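S.K.: For reference, the file protein.cif (mmCIF, C-alpha atoms) is included below:
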data_my_file
#
loop_
_atom_site.label_atom_id
_atom_site.label_comp_id
_atom_site.auth_asym_id
_atom_site.auth_seq_id
_atom_site.Cartn_x
_atom_site.Cartn_y
_atom_site.Cartn_z
CA MET A 15 89.58 84.64 98.61
CA LYS A 16 91.85 82.17 96.85
CA PHE A 17 95.63 82.14 96.39
CA ILE A 18 98.07 79.78 94.74
CA HIS A 19 101.40 79.62 96.57
CA ILE A 20 104.64 78.61 94.82
CA SER A 21 108.32 79.29 95.48
CA ASP A 22 111.91 78.34 94.69
CA LEU A 23 111.59 78.18 90.92
CA HIS A 24 115.40 78.53 90.59
CA LEU A 25 115.07 79.40 86.92
CA GLY A 26 118.30 78.71 85.05
CA LYS A 27 119.47 76.01 87.47
CA GLN A 28 121.57 73.10 86.31
CA LEU A 29 121.58 69.65 87.89
CA HIS A 30 125.01 68.00 87.70
CA GLY A 31 125.67 69.95 84.50
CA TYR A 32 122.28 69.26 82.87
CA SER A 33 120.23 72.33 81.95
CA LEU A 34 116.75 72.21 83.47
CA ILE A 35 115.23 74.92 81.26
CA GLU A 36 112.90 72.50 79.43
CA ASP A 37 111.86 70.87 82.71
CA GLN A 38 111.13 74.31 84.16
CA LYS A 39 109.09 75.35 81.11
CA HIS A 40 107.04 72.20 81.61
CA VAL A 41 106.12 72.94 85.25
CA LEU A 42 105.46 76.63 84.54
CA ARG A 43 102.91 75.54 81.93
CA GLN A 44 101.28 73.37 84.60
CA ILE A 45 101.05 76.32 86.96
CA ILE A 46 99.30 78.43 84.33
CA ALA A 47 96.94 75.57 83.43
CA GLU A 48 95.97 75.11 87.10
CA MET A 49 95.52 78.86 87.52
CA GLU A 50 93.06 78.88 84.62
CA LYS A 51 91.08 76.13 86.36
CA GLU A 52 91.26 77.56 89.89
CA GLU A 53 90.90 81.26 88.98
CA PRO A 54 92.80 82.49 92.06
CA ASP A 55 92.68 86.08 93.25
CA GLY A 56 96.43 86.05 93.77
CA LEU A 57 99.58 84.12 92.85
CA LEU A 58 102.15 84.19 95.69
CA ILE A 59 105.76 83.57 94.56
CA ALA A 60 107.88 83.31 97.70
CA GLY A 61 111.39 83.96 96.42
CA ASP A 62 114.35 82.28 94.70
CA VAL A 63 112.76 82.98 91.35
CA TYR A 64 116.20 82.71 89.76
CA ASP A 65 119.03 80.37 90.67
CA LYS A 66 121.66 83.11 90.52
CA ALA A 67 121.80 86.80 91.37
CA VAL A 68 122.87 87.46 87.76
CA PRO A 69 120.59 85.07 85.86
CA SER A 70 121.20 83.78 82.35
CA ALA A 71 119.37 85.26 79.37
CA GLU A 72 117.42 81.99 79.09
CA ALA A 73 116.25 82.25 82.70
CA VAL A 74 115.17 85.87 82.29
CA GLY A 75 113.29 85.01 79.12
CA LEU A 76 111.56 82.11 80.87
CA LEU A 77 110.28 84.35 83.69
CA ASP A 78 109.23 87.00 81.16
CA ASP A 79 107.23 84.43 79.18
CA PHE A 80 105.64 83.00 82.33
CA LEU A 81 104.51 86.33 83.79
CA THR A 82 103.25 87.50 80.41
CA GLU A 83 101.16 84.33 80.02
CA VAL A 84 99.78 84.72 83.55
CA THR A 85 98.63 88.30 82.95
CA VAL A 86 97.05 87.39 79.59
CA ARG A 87 95.39 84.09 80.51
CA CYS A 88 94.47 84.94 84.11
CA PRO A 89 93.20 88.54 83.84
CA ASN A 90 91.66 88.59 87.32
CA THR A 91 94.75 87.37 89.18
CA GLU A 92 97.25 89.63 90.99
CA VAL A 93 100.85 88.39 91.16
CA TYR A 94 102.93 88.98 94.32
CA LEU A 95 106.61 88.14 93.90
CA ILE A 96 109.44 88.56 96.41
CA GLY A 97 113.20 88.08 96.25
CA GLY A 98 115.03 85.15 97.84
CA ASN A 99 118.66 84.69 98.81
CA HIS A 100 119.50 83.51 95.26
CA ASP A 101 117.93 86.55 93.58
CA GLY A 102 119.54 89.89 92.76
CA PRO A 103 117.14 92.26 94.57
CA ARG A 104 117.47 95.32 92.32
CA ARG A 105 117.40 93.28 89.12
CA LEU A 106 114.23 91.55 90.28
CA GLU A 107 112.55 94.90 90.96
CA PHE A 108 113.38 96.34 87.53
CA ALA A 109 110.38 98.22 86.03
CA GLY A 110 108.37 97.37 89.15
CA ARG A 111 106.38 100.61 89.18
CA ILE A 112 105.32 100.08 85.57
CA LEU A 113 104.44 96.44 86.19
CA GLU A 114 102.19 97.41 89.12
CA LYS A 115 99.73 98.68 86.50
CA HIS A 116 99.64 95.17 85.02
CA ARG A 117 98.90 93.39 88.34
CA LEU A 118 102.54 92.38 88.95
CA HIS A 119 103.75 93.40 92.43
CA LEU A 120 107.50 92.94 92.94
CA ALA A 121 109.46 93.24 96.19
CA GLY A 122 113.10 92.29 95.67
CA SER A 123 114.75 94.02 98.62
CA ALA A 124 114.20 93.78 102.36
CA PRO A 125 113.34 97.03 104.21
CA ASP A 126 116.26 99.46 104.39
CA ARG A 127 116.90 103.10 105.20
CA GLU A 128 115.47 104.29 101.86
CA HIS A 129 112.36 102.05 102.09
CA PRO A 130 111.97 101.16 105.79
CA ASP A 131 108.46 99.68 105.75
CA ILE A 132 107.27 96.22 104.81
CA VAL A 133 105.50 96.42 101.43
CA CYS A 134 101.75 95.87 101.84
CA HIS A 135 99.02 95.42 99.22
CA ARG A 136 95.29 94.96 99.74
CA LEU A 137 92.61 92.88 98.09
CA ALA A 138 88.91 92.74 98.99
CA ASP A 139 86.11 90.19 98.77
CA GLU A 140 82.72 89.68 100.38
CA PHE A 141 84.36 89.31 103.81
CA GLY A 142 86.31 92.56 103.56
CA GLU A 143 89.98 93.39 102.98
CA VAL A 144 92.99 91.08 103.02
CA ASN A 145 96.38 92.67 103.76
CA ILE A 146 99.21 91.04 101.81
CA TYR A 147 102.67 91.77 103.28
CA LEU A 148 105.75 91.13 101.14
CA LEU A 149 109.00 90.52 103.04
CA PRO A 150 111.93 89.36 100.87
CA PHE A 151 114.94 87.47 102.19
CA LEU A 152 116.80 89.49 104.80
CA ARG A 153 119.83 89.39 107.04
CA ALA A 154 120.25 90.98 110.44
CA SER A 155 122.85 93.33 109.00
CA HIS A 156 120.26 94.66 106.49
CA VAL A 157 117.82 95.66 109.22
CA ARG A 158 120.17 96.71 112.03
CA GLU A 159 120.50 100.31 110.86
CA LEU A 160 116.71 100.77 111.04
CA PHE A 161 116.70 100.04 114.77
CA PRO A 162 119.84 101.65 116.25
CA GLU A 163 118.32 101.49 119.73
CA GLN A 164 117.90 97.68 119.60
CA ASP A 165 120.40 94.81 119.52
CA ILE A 166 119.58 93.21 116.17
CA LEU A 167 121.96 90.23 116.22
CA THR A 168 119.92 87.57 114.43
CA CYS A 169 117.27 87.29 111.74
CA GLN A 170 114.81 86.47 114.47
CA ASP A 171 115.57 89.85 116.09
CA ALA A 172 115.16 91.54 112.70
CA TYR A 173 111.81 89.90 111.94
CA LYS A 174 110.46 90.62 115.39
CA ALA A 175 111.44 94.31 115.19
CA LEU A 176 110.00 94.80 111.69
CA ILE A 177 106.69 93.07 112.37
CA GLU A 178 106.17 94.75 115.75
CA ARG A 179 106.73 98.14 114.15
CA GLU A 180 104.04 97.42 111.53
CA LYS A 181 101.38 97.18 114.28
CA ILE A 182 99.52 94.50 112.34
CA ASP A 183 95.88 94.22 113.41
CA PRO A 184 95.18 90.54 114.32
CA GLU A 185 91.43 91.18 113.89
CA LYS A 186 91.95 91.64 110.16
CA ARG A 187 92.83 88.99 107.59
CA ASN A 188 96.57 89.15 106.95
CA VAL A 189 98.83 87.19 104.62
CA LEU A 190 102.64 87.27 104.73
CA VAL A 191 104.91 86.22 101.84
CA ALA A 192 108.46 85.63 103.12
CA HIS A 193 111.68 83.84 102.24
CA GLN A 194 113.64 82.63 105.26
CA PHE A 195 114.58 79.57 107.32
CA PHE A 196 111.95 79.11 110.03
CA THR A 197 111.83 76.64 112.90
CA TYR A 198 109.27 75.78 115.56
CA GLY A 199 111.24 75.51 118.79
CA ALA A 200 113.55 72.51 118.61
CA ASN A 201 111.57 71.05 115.71
CA GLY A 202 113.49 71.85 112.58
CA PRO A 203 111.88 71.47 109.13
CA VAL A 204 112.98 69.01 106.45
CA ARG A 205 116.04 70.25 104.58
CA CYS A 206 117.66 69.24 101.29
CA GLU A 207 121.15 69.28 99.79
CA SER A 208 120.21 71.92 97.23
CA GLU A 209 119.54 74.55 99.92
CA SER A 210 122.08 76.95 101.40
CA PHE A 211 123.74 75.50 104.49
CA SER A 212 123.81 78.92 106.12
CA ALA A 213 120.03 78.71 106.33
CA GLY A 214 120.13 76.81 109.61
CA GLY A 215 122.43 79.24 111.39
CA LEU A 216 122.72 82.80 110.17
CA ASP A 217 119.20 83.19 108.87
CA ALA A 218 117.03 81.09 111.19
CA ALA A 219 114.00 82.39 113.10
CA ASP A 220 111.41 80.76 115.39
CA VAL A 221 107.81 81.16 114.21
CA ARG A 222 106.50 81.20 117.80
CA THR A 223 108.43 84.37 118.61
CA ILE A 224 107.60 86.18 115.38
CA PHE A 225 104.07 85.36 114.32
CA GLY A 226 102.24 85.69 117.61
CA GLY A 227 101.03 83.26 120.26
CA GLU A 228 97.44 82.14 120.59
CA GLU A 229 96.25 85.24 118.75
CA ALA A 230 97.94 84.71 115.37
CA LEU A 231 98.92 87.81 113.42
CA PHE A 232 98.64 86.12 110.03
CA ASP A 233 95.94 83.91 108.54
CA TYR A 234 98.49 82.44 106.15
CA VAL A 235 102.29 82.67 105.89
CA ALA A 236 103.52 81.76 102.39
CA LEU A 237 107.15 80.73 102.74
CA GLY A 238 110.01 80.06 100.38
CA HIS A 239 113.60 78.85 100.92
CA LEU A 240 113.14 75.15 101.73
CA HIS A 241 112.43 72.74 98.91
CA ALA A 242 110.23 70.16 100.68
CA PRO A 243 106.50 71.03 100.89
CA GLN A 244 105.75 71.30 104.63
CA SER A 245 104.17 73.34 107.38
CA VAL A 246 106.19 74.71 110.31
CA GLY A 247 104.51 74.32 113.68
CA ARG A 248 101.07 75.31 112.40
CA LYS A 249 99.34 74.32 109.19
CA TYR A 250 98.96 77.93 107.98
CA ILE A 251 102.74 78.62 108.17
CA ARG A 252 103.85 76.75 105.09
CA TYR A 253 106.67 76.15 102.63
CA SER A 254 105.20 75.32 99.23
CA GLY A 255 108.53 73.73 98.26
CA SER A 256 110.23 73.83 94.88
CA PRO A 257 108.31 72.68 91.78
CA LEU A 258 111.14 70.36 90.73
CA LYS A 259 113.61 68.11 92.54
CA TYR A 260 116.85 70.07 92.57
CA SER A 261 119.02 67.43 94.28
CA VAL A 262 119.09 63.67 94.69
CA SER A 263 118.17 64.14 98.36
CA GLU A 264 114.73 65.27 97.11
CA SER A 265 114.11 62.09 95.09
CA GLY A 266 111.50 60.78 97.53
CA GLN A 267 109.50 64.02 97.75
CA ARG A 268 106.16 64.79 96.10
CA LYS A 269 106.36 68.32 94.74
CA SER A 270 103.22 70.45 94.70
CA MET A 271 101.75 73.93 94.61
CA THR A 272 99.56 74.99 97.54
CA VAL A 273 96.04 76.33 97.11
CA VAL A 274 94.95 78.63 99.95
CA GLU A 275 91.31 79.62 100.45
CA LEU A 276 90.49 82.34 102.98
CA GLY A 277 86.94 82.65 104.20
CA GLU A 278 85.96 84.96 106.98
CA LYS A 279 88.57 85.68 109.67
CA GLY A 280 89.98 82.43 111.08
CA ASN A 281 88.64 80.22 108.28
CA VAL A 282 91.53 78.89 106.15
CA ALA A 283 91.56 75.80 103.91
CA LEU A 284 94.68 74.37 102.26
CA ARG A 285 95.14 71.74 99.58
CA GLU A 286 97.94 70.63 97.30
CA ILE A 287 98.08 70.17 93.54
CA PRO A 288 100.95 67.83 92.59
CA PHE A 289 103.45 68.70 89.88
CA LEU A 290 104.00 66.17 87.09
CA PRO A 291 107.63 66.61 85.98
CA LEU A 292 108.90 66.14 82.46
CA ARG A 293 111.74 64.06 83.96
CA ASP A 294 111.88 62.79 87.52
CA VAL A 295 114.96 62.57 89.78
CA ARG A 296 115.45 58.98 90.97
CA LEU A 297 117.90 57.14 93.22
CA LEU A 298 118.54 53.54 92.12
CA GLU A 299 120.41 50.92 94.12
CA GLY A 300 121.45 47.40 93.14
CA THR A 301 123.95 45.41 91.13
CA LEU A 302 125.02 46.62 87.69
CA ALA A 303 123.41 43.56 86.07
CA ARG A 304 120.05 44.17 87.72
CA LEU A 305 119.97 47.93 87.05
CA THR A 306 120.86 47.48 83.37
CA ASP A 307 118.38 44.65 82.86
CA PRO A 308 115.75 45.79 80.29
CA ALA A 309 112.92 44.81 82.65
CA THR A 310 114.34 47.14 85.33
CA VAL A 311 114.90 49.99 82.88
CA LYS A 312 111.29 49.76 81.66
CA ASN A 313 109.96 50.23 85.21
CA GLY A 314 110.57 53.97 84.94
CA ASN A 315 111.18 56.72 82.42
CA ALA A 316 114.65 56.08 80.99
CA GLU A 317 114.99 59.83 80.41
CA ASP A 318 114.76 60.57 84.17
CA TYR A 319 117.72 62.06 86.00
CA VAL A 320 119.24 59.10 87.81
CA SER A 321 121.72 58.66 90.65
CA VAL A 322 123.02 55.12 91.05
CA ILE A 323 124.45 53.16 93.98
CA LEU A 324 126.10 49.94 92.81
CA THR A 325 126.27 47.11 95.35
CA ASP A 326 128.49 44.71 93.39
CA GLU A 327 131.23 43.05 95.46
CA GLU A 328 133.47 42.29 92.48
CA GLU A 329 135.48 44.84 90.50
CA LEU A 330 133.53 46.44 87.63
CA TYR A 331 134.89 47.49 84.26
CA ASP A 332 133.64 50.90 83.08
CA PRO A 333 130.22 50.80 84.77
CA ARG A 334 129.49 54.40 83.72
CA SER A 335 129.28 53.45 80.04
CA ALA A 336 126.92 50.57 80.78
CA LEU A 337 124.72 52.78 82.92
CA GLU A 338 124.66 55.65 80.41
CA GLN A 339 123.46 53.30 77.68
CA CYS A 340 120.35 52.62 79.81
CA TYR A 341 120.05 55.99 81.56
CA PRO A 342 121.23 58.83 79.26
CA ASN A 343 120.68 61.44 82.00
CA LEU A 344 122.92 59.75 84.57
CA LEU A 345 123.78 62.25 87.30
CA GLU A 346 126.31 60.24 89.29
CA TRP A 347 127.22 56.75 90.38
CA ARG A 348 129.13 55.23 93.27
CA VAL A 349 129.88 51.82 94.74
CA GLU A 350 128.70 50.81 98.20
CA ASN A 351 129.67 47.33 99.30
CA SER A 352 131.37 45.58 102.21
CA ARG A 353 134.77 46.99 101.26
CA THR A 354 133.65 50.61 100.96
CA ARG A 355 131.71 50.38 104.23
CA HIS A 356 134.79 49.02 105.99
CA ALA A 357 136.90 51.89 104.61
CA VAL A 358 134.72 54.58 106.22
CA GLU A 359 133.92 52.85 109.51
CA ASP A 360 136.64 54.69 111.41
CA MET A 361 136.19 58.07 109.75
CA VAL A 362 134.71 60.87 111.87
CA LEU A 363 132.76 63.23 109.61
CA PRO A 364 131.39 66.66 110.54
CA ASP A 365 127.66 67.03 111.08
CA MET A 366 126.40 68.09 107.63
CA ASN A 367 123.34 69.70 109.21
CA LEU A 368 125.52 72.38 110.81
CA SER A 369 125.82 75.74 109.08
CA PRO A 370 129.26 77.30 108.44
CA ILE A 371 128.93 79.57 111.45
CA GLU A 372 127.93 76.64 113.67
CA LEU A 373 130.96 74.68 112.45
CA PHE A 374 133.20 77.66 113.23
CA GLU A 375 131.68 77.99 116.71
CA GLU A 376 132.32 74.29 117.35
CA PHE A 377 135.92 74.65 116.18
CA TYR A 378 136.42 77.76 118.33
CA ARG A 379 135.07 75.95 121.39
CA MET A 380 137.45 73.03 120.79
CA MET A 381 140.44 75.35 120.44
CA GLN A 382 139.63 77.88 123.17
CA GLY A 383 137.63 75.85 125.64
CA CYS A 384 134.74 78.34 125.62
CA GLY A 385 132.09 79.73 123.30
CA LEU A 386 132.01 83.05 121.43
CA SER A 387 130.87 86.20 123.22
CA GLU A 388 127.77 88.00 121.88
CA GLU A 389 129.97 90.70 120.36
CA GLU A 390 132.21 88.12 118.66
CA GLU A 391 129.19 86.21 117.40
CA ALA A 392 127.62 89.36 115.93
CA TYR A 393 130.90 90.24 114.20
CA LEU A 394 131.17 86.70 112.82
CA ARG A 395 127.61 86.86 111.48
CA ASP A 396 128.44 90.09 109.62
CA VAL A 397 131.52 88.46 108.09
CA PHE A 398 129.54 85.43 106.89
CA ASP A 399 126.77 87.73 105.56
CA ALA A 400 129.31 89.70 103.54
CA VAL A 401 130.93 86.55 102.14
CA GLU A 402 127.61 85.01 101.09
CA GLU A 403 126.39 88.27 99.51
CA LYS A 404 129.63 88.44 97.50
CA GLU A 405 129.21 84.81 96.36
CA ASN A 406 125.63 85.50 95.22
#
Mind turning the file's structure into structure tokens?
M.R.:
Amino acid sequence: MKFIHISDLHLGKQLHGYSLIEDQKHVLRQIIAEMEKEEPDGLLIAGDVYDKAVPSAEAVGLLDDFLTEVTVRCPNTEVYLIGGNHDGPRRLEFAGRILEKHRLHLAGSAPDREHPDIVCHRLADEFGEVNIYLLPFLRASHVRELFPEQDILTCQDAYKALIEREKIDPEKRNVLVAHQFFTYGANGPVRCESESFSAGGLDAADVRTIFGGEEALFDYVALGHLHAPQSVGRKYIRYSGSPLKYSVSESGQRKSMTVVELGEKGNVALREIPFLPLRDVRLLEGTLARLTDPATVKNGNAEDYVSVILTDEEELYDPRSALEQCYPNLLEWRVENSRTRHAVEDMVLPDMNLSPIELFEEFYRMMQGCGLSEEEEAYLRDVFDAVEEKEN
């Protein structure tokens, strides 16, 4: 059985004020073209379909066009789509029961009191059934009311409780589609500037605790949330990554969709199909004269989205205008030379890898001389959850 795994489309996103709608149309066409070649049994879309909980009309139209094309041009493919932290759960599920009849399976909301179970669909091939579990982005506060007898303080607690209650049979072939920040012990995955900073604190979970030990519960875990294509701990627990570079920190990444082929139980093969963007995101460094030299400009697509670090030691007059003449989609520019380095030598900056709650805990420890109690930490998590939900 074959699946194509994608995630983090972020339809409607802007990059430094530039609309990416045309760039997103371009990669969505690539996905459909590859699906026609590969003829997968299922398309797994692991959350953050939209960039905002209330998406623009353009973004909604883009998803509508994409899903319509998939159902028309790939008539034997089922689509499994879950909500991420950027998506509005109820909006994403609109008309879901009708769309089921057209092979579109939507799960926008995490389990709650009204729908307490993880959504599960089944497909079959010559080796038998495959169970496909859909688990959208969740917070501990969403799940806590389902398990009043347990202390659900973290997302790891929530995942563990939900999956244990499902009584998943490890002898069967099982696939999970999820949207969360996962780690493997102390080994954290690659993160990017375009991701939510709360991912590393409030919403983190360890794959070793959740997905079983030597006897793995799932044959493949299709993840969304992080934008770099990567596996977490084991090759079959994988972030497909975003199809486009959504920040300059992603400029060195190779974006791809993941093709997953399940044979009989325990036989899984993965491969990547690279995306070819309409416009790349590049980081350029050098003097203004070198970067605006025609020979340098011709080395890449002048229409790419470009971030520039100028290394000139002398004062420059209006470098933005000179750069924009060569790179019309200039995202940003800054100067880094001996003077700017000297100016920041004595500055002590916070660790940008810390989440807001981790920064607060560090501040609290500095002020009080001790850490938060479990009760205080749980209360703080609820506060941060509520703030982030309101922002989205």
S.K.: List as a PyMOL selection string the protein and nucleic acid residues near A:Asp233, meaning an atom at most 9 Å away when all atoms listed in the file are counted, but skip any in the same chain fewer than 2 places from it.
M.R.: chain A and resi 184+186-190+230-231+235+250-251+276+279-282
S.K.: For the file shown, report as number ranges by chain the outcome of the PyMOL selection byres ((chain A and resi 171) around 12) at residue level.
M.R.: A: 152-158, 161, 164-170, 172-178, 216-221, 223-224
S.K.: Take the PyMOL selection byres ((chain A and resi 350-353) around 12), apply it to the structure above, and return the hits as a PyMOL selection string.
M.R.: chain A and resi 299-302+322-329+347-349+354-359
S.K.: Restrict the selected residues to C-alpha atoms and save them as a short mmCIF file (atom, residue, chain, number, x, y, z; two decimals), in the frame of the given file.
M.R.:
data_model
loop_
_atom_site.label_atom_id
_atom_site.label_comp_id
_atom_site.auth_asym_id
_atom_site.auth_seq_id
_atom_site.Cartn_x
_atom_site.Cartn_y
_atom_site.Cartn_z
CA GLU A 299 120.41 50.92 94.12
CA GLY A 300 121.45 47.40 93.14
CA THR A 301 123.95 45.41 91.13
CA LEU A 302 125.02 46.62 87.69
CA VAL A 322 123.02 55.12 91.05
CA ILE A 323 124.45 53.16 93.98
CA LEU A 324 126.10 49.94 92.81
CA THR A 325 126.27 47.11 95.35
CA ASP A 326 128.49 44.71 93.39
CA GLU A 327 131.23 43.05 95.46
CA GLU A 328 133.47 42.29 92.48
CA GLU A 329 135.48 44.84 90.50
CA TRP A 347 127.22 56.75 90.38
CA ARG A 348 129.13 55.23 93.27
CA VAL A 349 129.88 51.82 94.74
CA THR A 354 133.65 50.61 100.96
CA ARG A 355 131.71 50.38 104.23
CA HIS A 356 134.79 49.02 105.99
CA ALA A 357 136.90 51.89 104.61
CA VAL A 358 134.72 54.58 106.22
CA GLU A 359 133.92 52.85 109.51
#
S.K.: What does the PyMOL selection byres ((chain A and resi 342) around 10) select in this file, as number ranges by chain?
M.R.: A: 316-320, 335, 337-341, 343-345
S.K.: Using all atoms listed in the file, which of the listed residues (A:Arg395, A:Lys66, A:Lys39, A:Lys312) sits closest to A:Asp101?
M.R.: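 Ranking A:Arg395, A:Lys66, A:Lys39, A:Lys312 by distance to A:Asp101, first place goes to A:Lys66.
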S.K.: Because some atoms of stretch 235-248 of chain A are absent here, can you restore N, CA and C atoms and send them as a PDB file, in the coordinates of the input?
M.R.:
ATOM      1  N   VAL A 235     100.901  82.244 106.121  1.00  0.00           N
ATOM      2  CA  VAL A 235     102.290  82.670 105.890  1.00  0.00           C
ATOM      3  C   VAL A 235     102.833  81.819 104.750  1.00  0.00           C
ATOM      4  N   ALA A 236     103.049  82.444 103.590  1.00  0.00           N
ATOM      5  CA  ALA A 236     103.520  81.760 102.390  1.00  0.00           C
ATOM      6  C   ALA A 236     105.046  81.853 102.347  1.00  0.00           C
ATOM      7  N   LEU A 237     105.701  80.724 102.593  1.00  0.00           N
ATOM      8  CA  LEU A 237     107.150  80.730 102.740  1.00  0.00           C
ATOM      9  C   LEU A 237     107.863  80.142 101.537  1.00  0.00           C
ATOM     10  N   GLY A 238     109.070  80.639 101.313  1.00  0.00           N
ATOM     11  CA  GLY A 238     110.010  80.060 100.380  1.00  0.00           C
ATOM     12  C   GLY A 238     111.351  79.896 101.059  1.00  0.00           C
ATOM     13  N   HIS A 239     112.212  79.077 100.486  1.00  0.00           N
ATOM     14  CA  HIS A 239     113.600  78.850 100.920  1.00  0.00           C
ATOM     15  C   HIS A 239     113.886  77.363 101.040  1.00  0.00           C
ATOM     16  N   LEU A 240     112.952  76.591 101.611  1.00  0.00           N
ATOM     17  CA  LEU A 240     113.140  75.150 101.730  1.00  0.00           C
ATOM     18  C   LEU A 240     112.375  74.438 100.622  1.00  0.00           C
ATOM     19  N   HIS A 241     112.952  73.362 100.126  1.00  0.00           N
ATOM     20  CA  HIS A 241     112.430  72.740  98.910  1.00  0.00           C
ATOM     21  C   HIS A 241     111.410  71.639  99.139  1.00  0.00           C
ATOM     22  N   ALA A 242     111.242  71.189 100.382  1.00  0.00           N
ATOM     23  CA  ALA A 242     110.230  70.160 100.680  1.00  0.00           C
ATOM     24  C   ALA A 242     108.924  70.831 101.080  1.00  0.00           C
ATOM     25  N   PRO A 243     107.786  70.463 100.461  1.00  0.00           N
ATOM     26  CA  PRO A 243     106.500  71.030 100.890  1.00  0.00           C
ATOM     27  C   PRO A 243     106.222  70.628 102.345  1.00  0.00           C
ATOM     28  N   GLN A 244     105.947  71.610 103.203  1.00  0.00           N
ATOM     29  CA  GLN A 244     105.750  71.300 104.630  1.00  0.00           C
ATOM     30  C   GLN A 244     105.251  72.533 105.366  1.00  0.00           C
ATOM     31  N   SER A 245     104.565  72.275 106.473  1.00  0.00           N
ATOM     32  CA  SER A 245     104.170  73.340 107.380  1.00  0.00           C
ATOM     33  C   SER A 245     105.141  73.378 108.554  1.00  0.00           C
ATOM     34  N   VAL A 246     105.247  74.531 109.197  1.00  0.00           N
ATOM     35  CA  VAL A 246     106.190  74.710 110.310  1.00  0.00           C
ATOM     36  C   VAL A 246     105.389  75.057 111.562  1.00  0.00           C
ATOM     37  N   GLY A 247     105.188  74.073 112.413  1.00  0.00           N
ATOM     38  CA  GLY A 247     104.510  74.320 113.680  1.00  0.00           C
ATOM     39  C   GLY A 247     102.999  74.371 113.564  1.00  0.00           C
ATOM     40  N   ARG A 248     102.507  75.162 112.629  1.00  0.00           N
ATOM     41  CA  ARG A 248     101.070  75.310 112.400  1.00  0.00           C
ATOM     42  C   ARG A 248     100.781  75.171 110.916  1.00  0.00           C
TER      43      ARG A 248
END
